[in-house]
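Student: What follows is start20.cif; its format and atoms are mmCIF, C-alpha atoms.
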```
data_coords
#
loop_
_atom_site.label_atom_id
_atom_site.label_comp_id
_atom_site.auth_asym_id
_atom_site.auth_seq_id
_atom_site.Cartn_x
_atom_site.Cartn_y
_atom_site.Cartn_z
CA MET A 1216 14.49 10.43 7.47
CA GLU A 1217 14.10 13.42 5.17
CA LEU A 1218 14.03 12.33 1.54
CA ASN A 1219 14.27 15.87 0.11
CA LEU A 1220 11.92 15.03 -2.74
CA HIS A 1221 9.59 18.01 -2.37
CA GLY A 1222 9.62 20.15 -5.50
CA LYS A 1223 11.60 17.63 -7.56
CA THR A 1224 10.26 16.42 -10.91
CA ALA A 1225 10.10 12.74 -11.80
CA LEU A 1226 9.26 11.02 -15.06
CA VAL A 1227 7.85 7.60 -14.18
CA VAL A 1228 7.46 5.31 -17.17
CA ALA A 1229 4.69 2.70 -17.51
CA SER A 1230 2.87 4.29 -14.61
CA SER A 1231 -0.81 3.71 -15.30
CA GLN A 1232 -0.84 0.51 -13.23
CA GLY A 1233 1.24 -1.91 -11.21
CA LEU A 1234 4.71 -1.04 -9.98
CA GLY A 1235 4.96 2.17 -11.98
CA LYS A 1236 1.73 3.52 -10.54
CA ALA A 1237 2.84 2.61 -7.01
CA VAL A 1238 6.17 4.39 -7.48
CA ALA A 1239 4.42 7.47 -8.84
CA ALA A 1240 2.04 7.53 -5.86
CA GLU A 1241 4.89 7.23 -3.36
CA LEU A 1242 6.75 10.11 -4.99
CA VAL A 1243 3.64 12.32 -5.07
CA LYS A 1244 3.16 11.68 -1.34
CA GLU A 1245 6.68 13.05 -0.83
CA GLY A 1246 5.86 16.22 -2.73
CA THR A 1247 7.44 15.25 -6.05
CA ASN A 1248 5.89 16.49 -9.29
CA VAL A 1249 5.27 13.42 -11.44
CA MET A 1250 4.74 12.89 -15.15
CA LEU A 1251 2.81 9.68 -15.78
CA THR A 1252 2.97 7.82 -19.07
CA SER A 1253 1.71 4.69 -20.78
CA ARG A 1254 -0.11 3.78 -23.98
CA ASP A 1255 -3.54 3.88 -22.33
CA LYS A 1256 -4.91 7.44 -22.14
CA ALA A 1257 -8.08 6.42 -20.28
CA LYS A 1258 -6.09 4.71 -17.52
CA LEU A 1259 -3.70 7.66 -17.29
CA GLU A 1260 -6.57 10.08 -16.72
CA VAL A 1261 -7.95 7.94 -13.91
CA VAL A 1262 -4.56 7.54 -12.23
CA ARG A 1263 -3.77 11.25 -12.56
CA ASP A 1264 -7.01 12.18 -10.83
CA GLU A 1265 -6.42 9.54 -8.14
CA LEU A 1266 -2.89 10.70 -7.37
CA ARG A 1267 -3.92 14.35 -7.30
CA GLN A 1268 -6.04 13.48 -4.28
CA LEU A 1269 -2.83 12.80 -2.35
CA GLY A 1270 -2.49 16.57 -2.22
CA LYS A 1271 1.27 17.13 -2.37
CA GLY A 1272 3.15 16.85 -5.65
CA GLU A 1273 1.61 17.91 -8.94
CA VAL A 1274 0.60 15.19 -11.40
CA ALA A 1275 0.32 15.25 -15.18
CA TYR A 1276 0.29 12.62 -17.91
CA TYR A 1277 1.44 12.15 -21.49
CA ARG A 1278 0.37 9.22 -23.60
CA ALA A 1279 3.34 7.55 -25.30
CA ASP A 1280 4.48 4.28 -26.80
CA ILE A 1281 8.03 3.87 -25.48
CA THR A 1282 9.01 1.65 -28.40
CA ASN A 1283 8.60 4.72 -30.64
CA PRO A 1284 11.61 7.10 -30.46
CA ASP A 1285 9.59 10.10 -31.63
CA GLU A 1286 7.01 9.55 -28.92
CA ILE A 1287 9.79 9.29 -26.33
CA LYS A 1288 11.09 12.67 -27.47
CA GLY A 1289 7.57 14.09 -27.16
CA LEU A 1290 7.20 12.63 -23.67
CA VAL A 1291 10.43 14.13 -22.37
CA GLN A 1292 9.71 17.51 -23.93
CA ALA A 1293 6.19 17.50 -22.45
CA THR A 1294 7.69 16.85 -19.02
CA ARG A 1295 10.04 19.81 -19.44
CA ASP A 1296 7.23 22.02 -20.71
CA THR A 1297 4.93 21.06 -17.83
CA PHE A 1298 7.33 21.18 -14.89
CA GLY A 1299 10.33 23.12 -16.22
CA LYS A 1300 12.92 20.44 -15.47
CA ILE A 1301 13.54 16.74 -14.88
CA ASP A 1302 15.39 15.56 -11.77
CA ILE A 1303 14.43 11.89 -11.62
CA LEU A 1304 13.83 9.13 -14.15
CA VAL A 1305 12.20 5.83 -13.24
CA ASN A 1306 12.49 3.51 -16.22
CA ASN A 1307 9.87 0.80 -16.34
CA ALA A 1308 8.14 -1.37 -18.93
CA GLY A 1309 5.69 -4.23 -19.05
CA GLY A 1310 7.33 -7.61 -19.14
CA PRO A 1311 7.75 -9.57 -22.38
CA PRO A 1312 5.63 -12.66 -23.09
CA GLY A 1313 6.55 -16.01 -21.68
CA GLY A 1314 7.88 -18.84 -23.81
CA THR A 1315 10.80 -21.19 -24.31
CA PHE A 1316 13.63 -20.65 -26.78
CA GLU A 1317 12.10 -22.81 -29.50
CA GLN A 1318 8.68 -21.17 -29.18
CA LEU A 1319 9.88 -17.63 -29.88
CA SER A 1320 10.42 -15.97 -33.26
CA ASP A 1321 12.79 -13.22 -34.37
CA GLN A 1322 9.84 -10.83 -34.10
CA ASP A 1323 9.30 -11.83 -30.46
CA TRP A 1324 12.97 -11.16 -29.70
CA GLN A 1325 12.94 -7.82 -31.51
CA LYS A 1326 9.81 -6.60 -29.74
CA ALA A 1327 11.19 -7.59 -26.33
CA PHE A 1328 14.50 -5.85 -27.07
CA GLU A 1329 12.76 -2.63 -28.09
CA LEU A 1330 10.40 -2.62 -25.10
CA ASN A 1331 12.58 -3.93 -22.31
CA LEU A 1332 16.04 -2.60 -23.11
CA LEU A 1333 16.18 -0.16 -26.03
CA SER A 1334 13.38 1.98 -24.55
CA TYR A 1335 15.47 2.46 -21.38
CA ILE A 1336 18.46 3.49 -23.46
CA ARG A 1337 16.47 5.96 -25.51
CA ILE A 1338 14.72 7.56 -22.53
CA ILE A 1339 17.97 7.99 -20.60
CA ARG A 1340 19.51 9.62 -23.67
CA GLU A 1341 16.65 12.12 -23.87
CA VAL A 1342 16.59 13.11 -20.18
CA LEU A 1343 20.37 13.25 -19.76
CA PRO A 1344 20.73 16.96 -20.66
CA ASP A 1345 18.36 17.82 -17.81
CA LEU A 1346 20.04 15.56 -15.25
CA LYS A 1347 23.52 16.82 -16.11
CA LYS A 1348 22.60 20.38 -15.16
CA ALA A 1349 22.37 19.78 -11.42
CA GLY A 1350 22.70 16.05 -10.84
CA GLY A 1351 19.87 13.59 -10.66
CA ARG A 1352 18.69 10.06 -10.06
CA ILE A 1353 17.82 7.18 -12.37
CA VAL A 1354 16.26 3.87 -11.35
CA ASN A 1355 15.91 1.11 -13.91
CA ILE A 1356 13.27 -1.42 -12.93
CA ALA A 1357 14.16 -4.97 -13.94
CA SER A 1358 13.23 -8.37 -12.45
CA SER A 1359 14.57 -10.91 -10.00
CA SER A 1360 15.68 -12.78 -13.15
CA ILE A 1361 18.83 -10.63 -13.06
CA LYS A 1362 20.00 -12.92 -10.23
CA GLN A 1363 18.17 -16.16 -10.97
CA PRO A 1364 16.72 -17.01 -14.39
CA ILE A 1365 13.00 -17.77 -14.38
CA PRO A 1366 11.98 -20.88 -16.35
CA GLY A 1367 9.84 -20.08 -19.38
CA LEU A 1368 10.83 -16.41 -19.42
CA ILE A 1369 13.91 -16.43 -21.64
CA LEU A 1370 13.14 -12.98 -23.09
CA SER A 1371 13.04 -11.41 -19.64
CA ASN A 1372 16.06 -13.38 -18.47
CA THR A 1373 18.07 -12.03 -21.41
CA PHE A 1374 17.08 -8.38 -21.63
CA ARG A 1375 16.80 -7.69 -17.89
CA LEU A 1376 20.48 -8.61 -17.60
CA GLY A 1377 21.15 -6.06 -20.33
CA ILE A 1378 19.64 -3.44 -18.03
CA VAL A 1379 22.16 -4.39 -15.34
CA GLY A 1380 25.06 -3.98 -17.76
CA LEU A 1381 23.70 -0.64 -18.91
CA THR A 1382 23.26 0.58 -15.36
CA LYS A 1383 26.69 -0.51 -14.20
CA THR A 1384 28.40 1.14 -17.18
CA LEU A 1385 26.48 4.40 -16.89
CA ALA A 1386 27.20 4.61 -13.16
CA GLU A 1387 30.84 5.33 -14.01
CA GLU A 1388 30.13 7.56 -16.99
CA LEU A 1389 27.55 9.71 -15.18
CA ALA A 1390 29.21 9.95 -11.76
CA PRO A 1391 31.12 13.17 -12.64
CA TYR A 1392 27.72 14.87 -13.10
CA ASN A 1393 26.41 13.63 -9.73
CA ILE A 1394 23.90 11.37 -11.44
CA LEU A 1395 23.27 8.18 -9.50
CA ILE A 1396 21.79 5.21 -11.35
CA ASN A 1397 20.68 1.87 -9.92
CA THR A 1398 18.68 -1.20 -10.85
CA VAL A 1399 15.77 -2.37 -8.70
CA ALA A 1400 14.52 -5.90 -9.25
CA PRO A 1401 11.12 -7.02 -8.00
CA GLY A 1402 10.45 -10.62 -7.06
CA ARG A 1403 6.91 -11.86 -6.52
CA ILE A 1404 5.00 -8.60 -6.09
CA ALA A 1405 1.19 -8.74 -6.21
CA THR A 1406 0.59 -7.16 -9.63
CA ASP A 1407 -1.31 -8.11 -12.79
CA ARG A 1408 2.02 -9.19 -14.33
CA VAL A 1409 2.68 -11.73 -11.58
CA ALA A 1410 -0.91 -12.97 -11.81
CA TYR A 1411 -0.35 -13.49 -15.55
CA LEU A 1412 2.85 -15.46 -14.91
CA ASP A 1413 1.15 -17.59 -12.28
CA GLN A 1414 -1.69 -18.35 -14.68
CA LEU A 1415 0.82 -19.22 -17.40
CA LYS A 1416 2.49 -21.71 -15.08
CA ALA A 1417 -0.86 -23.08 -13.93
CA ASP A 1418 -1.94 -23.71 -17.52
CA LYS A 1419 1.32 -25.52 -18.23
CA LEU A 1420 0.97 -27.71 -15.13
CA GLY A 1421 -2.73 -28.33 -15.54
CA THR A 1422 -3.65 -26.78 -12.21
CA ASN A 1423 -5.17 -23.50 -11.01
CA ARG A 1424 -3.54 -20.15 -10.33
CA GLU A 1425 -4.27 -20.27 -6.60
CA GLU A 1426 -2.28 -23.49 -6.27
CA VAL A 1427 0.67 -22.00 -8.15
CA GLU A 1428 0.54 -18.88 -5.97
CA GLN A 1429 0.58 -20.95 -2.81
CA GLN A 1430 3.55 -22.97 -4.03
CA SER A 1431 5.39 -19.74 -4.86
CA LYS A 1432 4.73 -18.32 -1.41
CA GLU A 1433 6.22 -21.42 0.15
CA GLN A 1434 9.51 -20.60 -1.61
CA ILE A 1435 9.61 -17.07 -0.16
CA PRO A 1436 11.07 -16.82 3.36
CA LEU A 1437 8.57 -14.09 4.31
CA GLY A 1438 5.78 -16.40 3.16
CA ARG A 1439 3.85 -13.94 1.00
CA TYR A 1440 3.95 -11.81 -2.10
CA GLY A 1441 5.15 -8.25 -1.66
CA THR A 1442 2.90 -5.25 -2.23
CA PRO A 1443 3.53 -2.61 -4.90
CA GLU A 1444 3.74 -0.06 -2.08
CA GLU A 1445 6.61 -1.94 -0.43
CA PHE A 1446 8.48 -1.98 -3.71
CA ALA A 1447 7.78 1.72 -4.31
CA LYS A 1448 9.33 2.74 -0.99
CA VAL A 1449 12.68 1.25 -2.05
CA VAL A 1450 12.60 3.13 -5.34
CA ALA A 1451 11.61 6.37 -3.59
CA PHE A 1452 14.64 6.11 -1.31
CA LEU A 1453 17.03 5.47 -4.20
CA VAL A 1454 15.82 8.51 -6.17
CA SER A 1455 15.81 10.74 -3.10
CA GLY A 1456 18.28 13.17 -1.62
CA ALA A 1457 18.83 10.71 1.21
CA SER A 1458 20.61 8.34 -1.18
CA THR A 1459 23.98 9.89 -1.96
CA TYR A 1460 26.57 7.11 -2.21
CA MET A 1461 24.94 4.17 -3.97
CA THR A 1462 25.25 3.91 -7.74
CA GLY A 1463 25.66 1.09 -10.24
CA SER A 1464 24.09 -1.39 -7.84
CA SER A 1465 21.24 -3.88 -8.18
CA PHE A 1466 18.70 -4.22 -5.40
CA LEU A 1467 16.31 -7.15 -5.03
CA VAL A 1468 12.90 -6.58 -3.48
CA ASP A 1469 11.79 -10.20 -3.19
CA GLY A 1470 11.14 -11.20 0.41
CA GLY A 1471 14.31 -13.32 0.38
CA MET A 1472 13.13 -15.50 -2.53
CA VAL A 1473 16.38 -15.49 -4.52
CA LYS A 1474 18.99 -17.57 -2.76
CA SER A 1475 22.06 -16.54 -4.76
CA ILE A 1476 24.73 -14.40 -3.11
#
```
As structure tokens, what does this structure read like?
Tutor:
Amino acid sequence: MELNLHGKTALVVASSQGLGKAVAAELVKEGTNVMLTSRDKAKLEVVRDELRQLGKGEVAYYRADITNPDEIKGLVQATRDTFGKIDILVNNAGGPPGGTFEQLSDQDWQKAFELNLLSYIRIIREVLPDLKKAGGRIVNIASSSIKQPIPGLILSNTFRLGIVGLTKTLAEELAPYNILINTVAPGRIATDRVAYLDQLKADKLGTNREEVEQQSKEQIPLGRYGTPEEFAKVVAFLVSGASTYMTGSSFLVDGGMVKSI
């Protein structure tokens, strides 16, 4: 299948590690020019040099805190200045801290809102003039909590659902401009974030992370955690020229873990 990604430009947010880095790598392999971003300049430099070895798309980076609207504006402008256009946006952000309702303060809620929902809104707003020129693709990365709440992660459970509402609404508003927008929700993918959540659960249960991981795998029909590369391939398809009639939808990449219909 030809994805028609060669020569396109993608802004991939939170791309110095984990799922964002994997998505960026997959797009570079397909010949896409990619702008990396995160708050960690040292990591960005390493990832840029690593992805450049893939030898197809061009890679650049811009350090930004996506909870800062001015830095978002700088990021988007830097992408335009570097590559001349923006065709694809992959919205991503690190997950909020764990905790129950009574453990979390107003400040915790505000920080999670700004990182995990408002940042998506602001970045879409900034890239929209580019995407409206000739159509484009947006993928909003969320979590399997959009289908099945995860105990102890009330912040994620709340704001990830906001991403779904945003995506579904924008699918209708942006369709006249041939902009397709979808949500992709990872389940148990082998990343630092999932390792953190497993350790959090292990601490609560008084056991070790390996035991929690094994118990989680037993709840997944495929019997294992997914790889970031497997997740990235789904995103790459949705932002590609091969995807032309799917918008406003939510896609789970979870090995069959979520049982809801």
Student: So which residues touch Thr1398 of chain A within 8 Å, counting only C-alpha atoms, skipping near sequence neighbours fewer than 5 positions away, as number ranges by chain?
Tutor: A: 1354-1357, 1378-1379, 1382, 1463-1466
Student: Applying 6 Å and all atoms listed in the file, which residues near segment 1361-1377 of chain A remain after dropping the ones on its own chain fewer than 3 positions away? List them as a list in words.
Tutor: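 So, after excluding close chain neighbours, the residues are Gly1313, Gly1314, Thr1315, Ala1357 and Gly1380 of chain A.
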Student: As a check of understanding, name the residues that the PyMOL selection byres ((chain A and resi 1352) around 8) selects in the supplied structure, as a PyMOL selection string.
Tutor: chain A and resi 1302-1304+1346+1350-1351+1353-1354+1394-1396+1453-1455
Student: What do you get, as a PyMOL selection string, if you spell out every residue that the PyMOL selection byres ((chain A and resi 1277-1289) around 7) selects here?
Tutor: chain A and resi 1251-1256+1276+1290-1293+1329-1330+1334+1338+1341
Student: Quote the spacing between atom CA of Ala1390 of chain A and atom CA of Val1305 of chain A in Å to one decimal place.
Tutor: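 Atom-to-atom, atom CA of Ala1390 of chain A to atom CA of Val1305 of chain A, that is 17.6 Å.
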Student: List the residues matched by the PyMOL selection byres ((chain A and resi 1443-1450) around 9) in the displayed structure as a ChimeraX atom specification, ordered by chain and then by residue number.
Tutor: /A:1233-1242,1305,1354,1356,1399,1401,1404-1406,1441-1442,1451-1455,1466,1468-1469
Student: Determine the nearest neighbour of Tyr1440 of chain A from the options A:Leu1415, A:Met1472, A:Leu1266, A:Leu1467, counting all atoms listed in the file.
Tutor: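 Among the listed residues, A:Met1472 lies closest to Tyr1440 of chain A.
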Student: Within 12 Å of Gln1430 of chain A, counting only C-alpha atoms, which residues qualify if same-chain residues fewer than 4 places away don't, as a list in words?
Tutor: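 The contact residues come out as Arg1403, Asp1413, Lys1416, Ala1417, Thr1422, Asn1423, Arg1424, Glu1425, Glu1426, Gln1434, Ile1435, Gly1438, Arg1439 and Tyr1440 of chain A.
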Student: If you measure from atom CA of Thr1459 of chain A to atom CA of Asn1397 of chain A, what distance in Å do you get, rounded to one decimal?
Tutor: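 We find that atom CA of Thr1459 of chain A and atom CA of Asn1397 of chain A lie 11.8 Å from each other.
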Student: Between atom CA of Ala1400 of chain A and atom CA of His1221 of chain A, what distance in Å does the model show, to one decimal?
Tutor: 25.4 Å
Student: Determine the nearest neighbour of Asn1393 of chain A from the options A:Ala1327, A:Arg1340, A:Met1461, A:Leu1381, counting all atoms listed in the file.
Tutor: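 When distances to Asn1393 of chain A are compared using all atoms listed in the file, the smallest one comes from A:Met1461.
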